[in-house]
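Below: protein.txt (compact mmCIF, C-alpha atoms)
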# COMPACT_ATOMS: atom_id res chain seq x y z
CA MET S 154 0.00 0.00 0.00
CA PRO S 155 1.49 3.39 -0.97
CA ARG S 156 2.36 5.65 1.93
CA ARG S 157 0.22 8.73 2.30
CA SER S 158 1.94 11.93 1.19
CA TYR S 159 1.52 15.56 2.10
CA ASP S 160 1.58 16.25 -1.67
CA GLN S 161 3.51 19.46 -1.16
CA TYR S 162 6.47 20.51 -3.30
CA CYS S 163 8.58 21.25 -0.23
CA ALA S 164 11.72 19.54 1.08
CA VAL S 165 10.37 19.49 4.65
CA ALA S 166 7.15 17.84 3.48
CA ARG S 167 9.08 15.29 1.41
CA ALA S 168 11.25 14.45 4.42
CA LEU S 169 8.18 14.01 6.61
CA ASP S 170 6.62 11.76 3.97
CA ALA S 171 9.49 9.36 4.71
CA VAL S 172 10.24 9.86 8.43
CA GLY S 173 7.26 11.67 9.89
CA ASP S 174 5.39 8.56 11.05
CA ARG S 175 5.44 7.54 14.72
CA TRP S 176 8.44 5.31 15.63
CA THR S 177 10.37 5.85 12.40
CA LEU S 178 13.03 8.19 13.78
CA LEU S 179 13.38 6.09 16.92
CA ILE S 180 14.09 3.07 14.73
CA VAL S 181 16.77 5.18 13.02
CA ARG S 182 18.17 6.04 16.46
CA GLU S 183 18.51 2.33 17.24
CA LEU S 184 20.08 1.44 13.89
CA LEU S 185 22.64 4.25 14.08
CA GLY S 186 24.34 1.96 16.59
CA GLY S 187 24.73 -0.80 14.00
CA SER S 188 22.83 -3.79 12.67
CA ARG S 189 19.99 -5.06 14.85
CA ARG S 190 17.72 -8.08 14.80
CA TYR S 191 13.97 -7.59 14.94
CA THR S 192 13.86 -8.90 18.51
CA ASP S 193 16.60 -6.47 19.56
CA LEU S 194 14.72 -3.54 18.04
CA HIS S 195 11.50 -4.57 19.75
CA ALA S 196 13.27 -4.87 23.11
CA ASP S 197 14.77 -1.37 22.85
CA LEU S 198 11.61 0.32 21.58
CA PRO S 199 9.33 -0.22 24.59
CA GLY S 200 5.73 0.54 23.73
CA VAL S 201 5.79 -0.39 20.04
CA SER S 202 3.58 -3.26 18.96
CA THR S 203 4.99 -6.08 16.85
CA ASP S 204 2.64 -5.20 13.99
CA MET S 205 3.59 -1.53 14.07
CA LEU S 206 7.32 -2.30 14.15
CA ALA S 207 7.03 -4.72 11.23
CA SER S 208 5.04 -2.15 9.25
CA ARG S 209 7.51 0.65 9.91
CA LEU S 210 10.48 -1.52 8.96
CA LYS S 211 8.83 -2.42 5.65
CA ASP S 212 8.08 1.28 4.96
CA MET S 213 11.67 2.25 5.74
CA GLU S 214 13.06 -0.49 3.52
CA ARG S 215 10.81 0.64 0.69
CA ASP S 216 11.92 4.25 1.16
CA GLY S 217 15.61 3.34 1.03
CA LEU S 218 16.38 4.11 4.68
CA LEU S 219 17.38 0.58 5.67
CA ILE S 220 18.07 -2.86 4.28
CA ARG S 221 17.26 -6.31 5.62
CA ARG S 222 19.91 -8.98 5.18
CA ARG S 223 20.61 -12.48 6.42
CA LEU S 224 23.70 -13.10 8.52
CA PRO S 225 26.01 -15.87 7.31
CA PRO S 226 25.98 -19.23 9.14
CA PRO S 227 26.02 -20.17 11.91
CA GLY S 228 23.92 -17.09 12.76
CA ALA S 229 21.57 -17.20 9.77
CA ALA S 230 19.32 -14.57 11.41
CA PHE S 231 17.97 -11.53 9.59
CA VAL S 232 19.23 -8.10 10.66
CA TYR S 233 18.29 -4.55 9.73
CA GLU S 234 20.85 -1.86 9.01
CA LEU S 235 20.77 1.70 7.76
CA THR S 236 21.64 2.71 4.22
CA PRO S 237 23.79 5.82 3.66
CA ARG S 238 20.54 7.78 3.29
CA GLY S 239 19.41 6.48 6.67
CA HIS S 240 22.76 7.34 8.27
CA ALA S 241 22.42 10.86 6.91
CA LEU S 242 19.62 11.43 9.43
CA LEU S 243 22.14 11.63 12.30
CA PRO S 244 22.41 15.44 12.25
CA ALA S 245 18.62 15.70 12.23
CA LEU S 246 18.35 13.43 15.28
CA ALA S 247 21.11 15.38 17.05
CA ALA S 248 19.24 18.63 16.39
CA LEU S 249 15.98 17.09 17.64
CA ALA S 250 17.77 15.92 20.80
CA ASP S 251 19.06 19.44 21.45
CA TRP S 252 15.61 20.91 20.79
CA GLY S 253 13.89 18.40 23.07
CA ALA S 254 16.41 18.59 25.92
CA PRO S 255 14.69 21.45 27.81
CA ALA S 256 11.54 19.30 28.05
CA LEU S 257 13.38 16.27 29.40
CA GLY S 258 13.38 17.17 33.11
CA GLU S 259 13.62 14.38 35.66
CA PRO S 260 12.79 10.84 34.55
CA ARG S 261 9.13 9.98 35.05
CA PRO S 262 8.20 6.74 36.85
CA THR S 263 6.94 5.31 33.56
CA ASP S 264 10.01 6.30 31.53
CA ALA S 265 12.17 3.52 30.11
CA VAL S 266 15.91 4.21 29.96
CA ARG S 267 18.61 2.66 27.79
CA ALA S 268 22.23 3.77 28.11
CA HIS S 269 22.78 4.08 24.35
CA TRP S 270 19.92 6.57 24.03
CA PHE S 271 22.40 9.22 25.20
CA ALA S 272 24.83 8.47 22.37
CA VAL S 273 23.41 10.76 19.67
CA PRO S 274 23.51 14.02 21.66
CA LEU S 275 26.71 13.00 23.46
CA MET S 276 28.85 12.55 20.34
CA ALA S 277 29.26 16.28 19.68
CA ARG S 278 30.22 16.91 23.32
CA LEU S 279 32.84 14.15 23.20
CA ALA S 280 34.25 15.50 19.93
CA ARG S 281 34.56 18.96 21.45
CA HIS S 282 36.26 17.70 24.61
CA PHE S 283 38.74 15.38 22.87
CA ALA S 284 39.39 17.61 19.83
CA GLY S 285 42.99 17.49 18.64
CA GLY S 286 43.97 14.64 20.94
CA PRO S 287 44.74 10.98 20.46
CA VAL S 288 41.48 9.70 21.95
CA ARG S 289 39.17 8.31 19.26
CA VAL S 290 37.38 5.32 20.84
CA ILE S 291 35.49 6.26 24.00
CA GLY S 292 33.57 3.91 26.24
CA ILE S 293 30.66 5.23 28.31
CA ALA S 294 29.69 3.21 31.40
CA LEU S 295 26.38 3.93 33.16
CA ASP S 296 24.37 1.98 35.71
CA GLU S 297 21.92 1.09 32.90
CA GLY S 298 24.63 -0.31 30.64
CA ALA S 299 27.50 0.69 28.39
CA PHE S 300 28.04 1.95 24.86
CA HIS S 301 30.95 3.41 22.95
CA VAL S 302 31.57 6.16 20.42
CA VAL S 303 34.19 6.43 17.67
CA LEU S 304 35.39 9.90 16.70
CA ASP S 305 36.86 10.88 13.36
CA PRO S 306 40.53 11.91 13.28
CA ASP S 307 39.68 15.60 12.80
CA GLY S 308 37.68 15.62 16.02
CA THR S 309 34.22 15.48 14.53
CA PRO S 310 31.98 12.59 15.54
CA ALA S 311 31.68 9.74 13.11
CA ALA S 312 28.12 8.72 12.32
CA ARG S 313 28.42 5.67 14.49
CA TYR S 314 28.31 4.39 17.98
CA ALA S 315 27.59 0.92 19.29
CA ASP S 316 25.88 -0.64 22.27
CA GLY S 317 28.16 -2.36 24.77
CA PRO S 318 31.78 -1.68 25.74
CA ALA S 319 34.50 -1.22 23.12
CA PRO S 320 37.07 -4.04 23.00
CA HIS S 321 40.02 -1.61 23.13
CA PRO S 322 38.87 1.89 24.15
CA ASP S 323 41.28 4.81 24.32
CA ALA S 324 39.30 6.17 27.27
CA VAL S 325 36.39 5.03 29.43
CA LEU S 326 34.08 7.52 31.15
CA ARG S 327 32.02 6.29 34.12
CA MET S 328 29.16 8.40 35.44
CA ASP S 329 25.58 8.16 36.62
CA THR S 330 22.61 8.72 34.35
CA ALA S 331 21.85 12.22 35.61
CA THR S 332 25.41 13.35 34.90
CA CYS S 333 25.37 11.75 31.45
CA ALA S 334 22.09 13.52 30.64
CA ALA S 335 23.55 16.84 31.78
CA VAL S 336 26.64 16.39 29.59
CA ALA S 337 24.70 15.05 26.62
CA HIS S 338 22.35 18.01 26.65
CA ASP S 339 25.11 20.59 27.24
CA ARG S 340 24.12 21.59 30.76
CA LEU S 341 27.49 20.37 32.06
CA SER S 342 30.81 20.15 30.26
CA LEU S 343 32.94 17.03 30.49
CA ALA S 344 35.72 19.13 32.00
CA GLU S 345 33.38 20.37 34.74
CA GLY S 346 32.11 16.87 35.45
CA LEU S 347 35.65 15.49 35.70
CA ALA S 348 36.81 18.33 37.95
CA ALA S 349 33.84 17.83 40.28
CA GLY S 350 34.44 14.08 40.50
CA TRP S 351 31.07 13.24 38.95
CA ILE S 352 32.83 11.57 35.99
CA GLU S 353 35.66 9.07 36.28
CA GLU S 354 38.00 8.84 33.29
CA THR S 355 40.33 5.89 32.83
CA HIS S 356 42.75 5.11 30.02
CA PRO S 357 43.35 1.39 29.43
CA ASP S 358 46.76 0.32 28.23
CA ALA S 359 47.24 1.57 24.68
CA ARG S 360 46.99 -1.12 22.03
CA PRO S 361 46.93 -0.90 18.25
CA THR S 362 43.27 -0.40 17.39
CA ASP S 363 41.48 -0.32 14.08
CA PRO S 364 38.54 2.01 14.92
CA MET S 365 36.42 0.36 12.24
CA ALA S 366 36.79 -2.94 14.06
CA VAL S 367 35.37 -1.81 17.40
Structure translated into structure tokens:
Amino acid sequence: MPRRSYDQYCAVARALDAVGDRWTLLIVRELLGGSRRYTDLHADLPGVSTDMLASRLKDMERDGLLIRRRLPPPGAAFVYELTPRGHALLPALAALADWGAPALGEPRPTDAVRAHWFAVPLMARLARHFAGGPVRVIGIALDEGAFHVVLDPDGTPAARYADGPAPHPDAVLRMDTATCAAVAHDRLSLAEGLAAGWIEETHPDARPTDPMAV
């Protein structure tokens, strides 16, 4: 069934034709961290029904935002991953995170939390803090879990992060969720958090690391 369109000759309207439906941009948020199985996506999108998720994934595949592929044996499972056009939505999600930050407030009792949900807004803050230095692979450890970010050599954030710890991080930052939210949404700088003792930074022994392999 064709997707409904705004039928407006406007770039904003065309973009919303593709990503304006409920859950679509949150699926992009999940896939920015790498390939995910359907069950993984469903687990990290609390509140979405199985029918709705399946429908959105089909729409996004049709619109060229993601592809579905089968892993080689012994896995043999299907995974979803973003196309370059899907990855290009990272700046839009980062801007939305900055715009929505003032409304975030304290977590509500019904709010779900996943550690990697802080990755998109946090990447720019990490790039600013580590600009010009040797640190490229940064692990973030929270009570809710861990994720890691890879920065480009020029200090700008690469369009990628991944759930879980990095095998060979250049630095690991440990903090609580409130501190991470404050840094991610630019209410607290990393330097201020480190100086106050709210963030612990460690540097594992340096090892040769291919950042595309983490």
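Between atom CA of Val290 of chain S and atom CA of His356 of chain S there is a distance of 10.6 Å.
In this comparison, which uses only C-alpha atoms, the residue of S:Ala324, S:Gly253, S:Leu224, S:Arg267 approaching Val288 of chain S most closely is S:Ala324.
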From the list S:Trp176, S:Ile293, S:Asp251, S:Pro274, the nearest residue to Asp197 of chain S using all atoms listed in the file is S:Trp176
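Minimum atom-to-atom distances from S:Ala168, S:Leu194, S:Met328, S:Met205 to Tyr233 of chain S were compared using only C-alpha atoms, and the lowest value belongs to S:Leu194.
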Which one of S:Ala230, S:Ala265, S:Ala344, S:Ala294 sits closest to Pro199 of chain S if you count all atoms listed in the file? S:Ala265
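The space between atom CA of Arg190 of chain S and atom CA of Arg221 of chain S spans 9.4 Å.
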Neighbouring residues of Ile291 of chain S were defined as those with any atom within 9 Å, considering all atoms listed in the file; residues of the same chain fewer than 6 positions away were excluded. Please report them as a PyMOL selection string. chain S and resi 279+300-304+318-319+322-326
With all atoms listed in the file as the basis for distance, which of S:Gly346, S:Pro227, S:Gly286, S:Gly298 is at the shortest distance from His269 of chain S? S:Gly298
Using all atoms listed in the file, can you tell me which of S:Arg182, S:Asp305, S:Thr330, S:Ala171 comes closest to Glu259 of chain S? S:Thr330
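Atom CA of Leu218 of chain S to atom CA of Gly239 of chain S spans 4.3 Å [interatomic distance, one decimal].
Near (10.5, -1.5, 12.7), the residues that fall inside 6 Å on the basis of all atoms listed in the file are Leu206, Ala207, Arg209 and Leu210 of chain S.
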Using all atoms listed in the file, collect all residues at a distance of at most 10 Å from (25.9, 10.6, 31.1) as written in the file, then present them as a list in words. Ala268, His269, Phe271, Ala272, Leu275, Ile293, Ala294, Leu295, Asp296, Leu326, Arg327, Met328, Asp329, Thr330, Ala331, Thr332, Cys333, Ala334, Ala335, Val336, Ala337, His338, Leu341, Leu343, Gly346, Trp351 and Ile352 of chain S
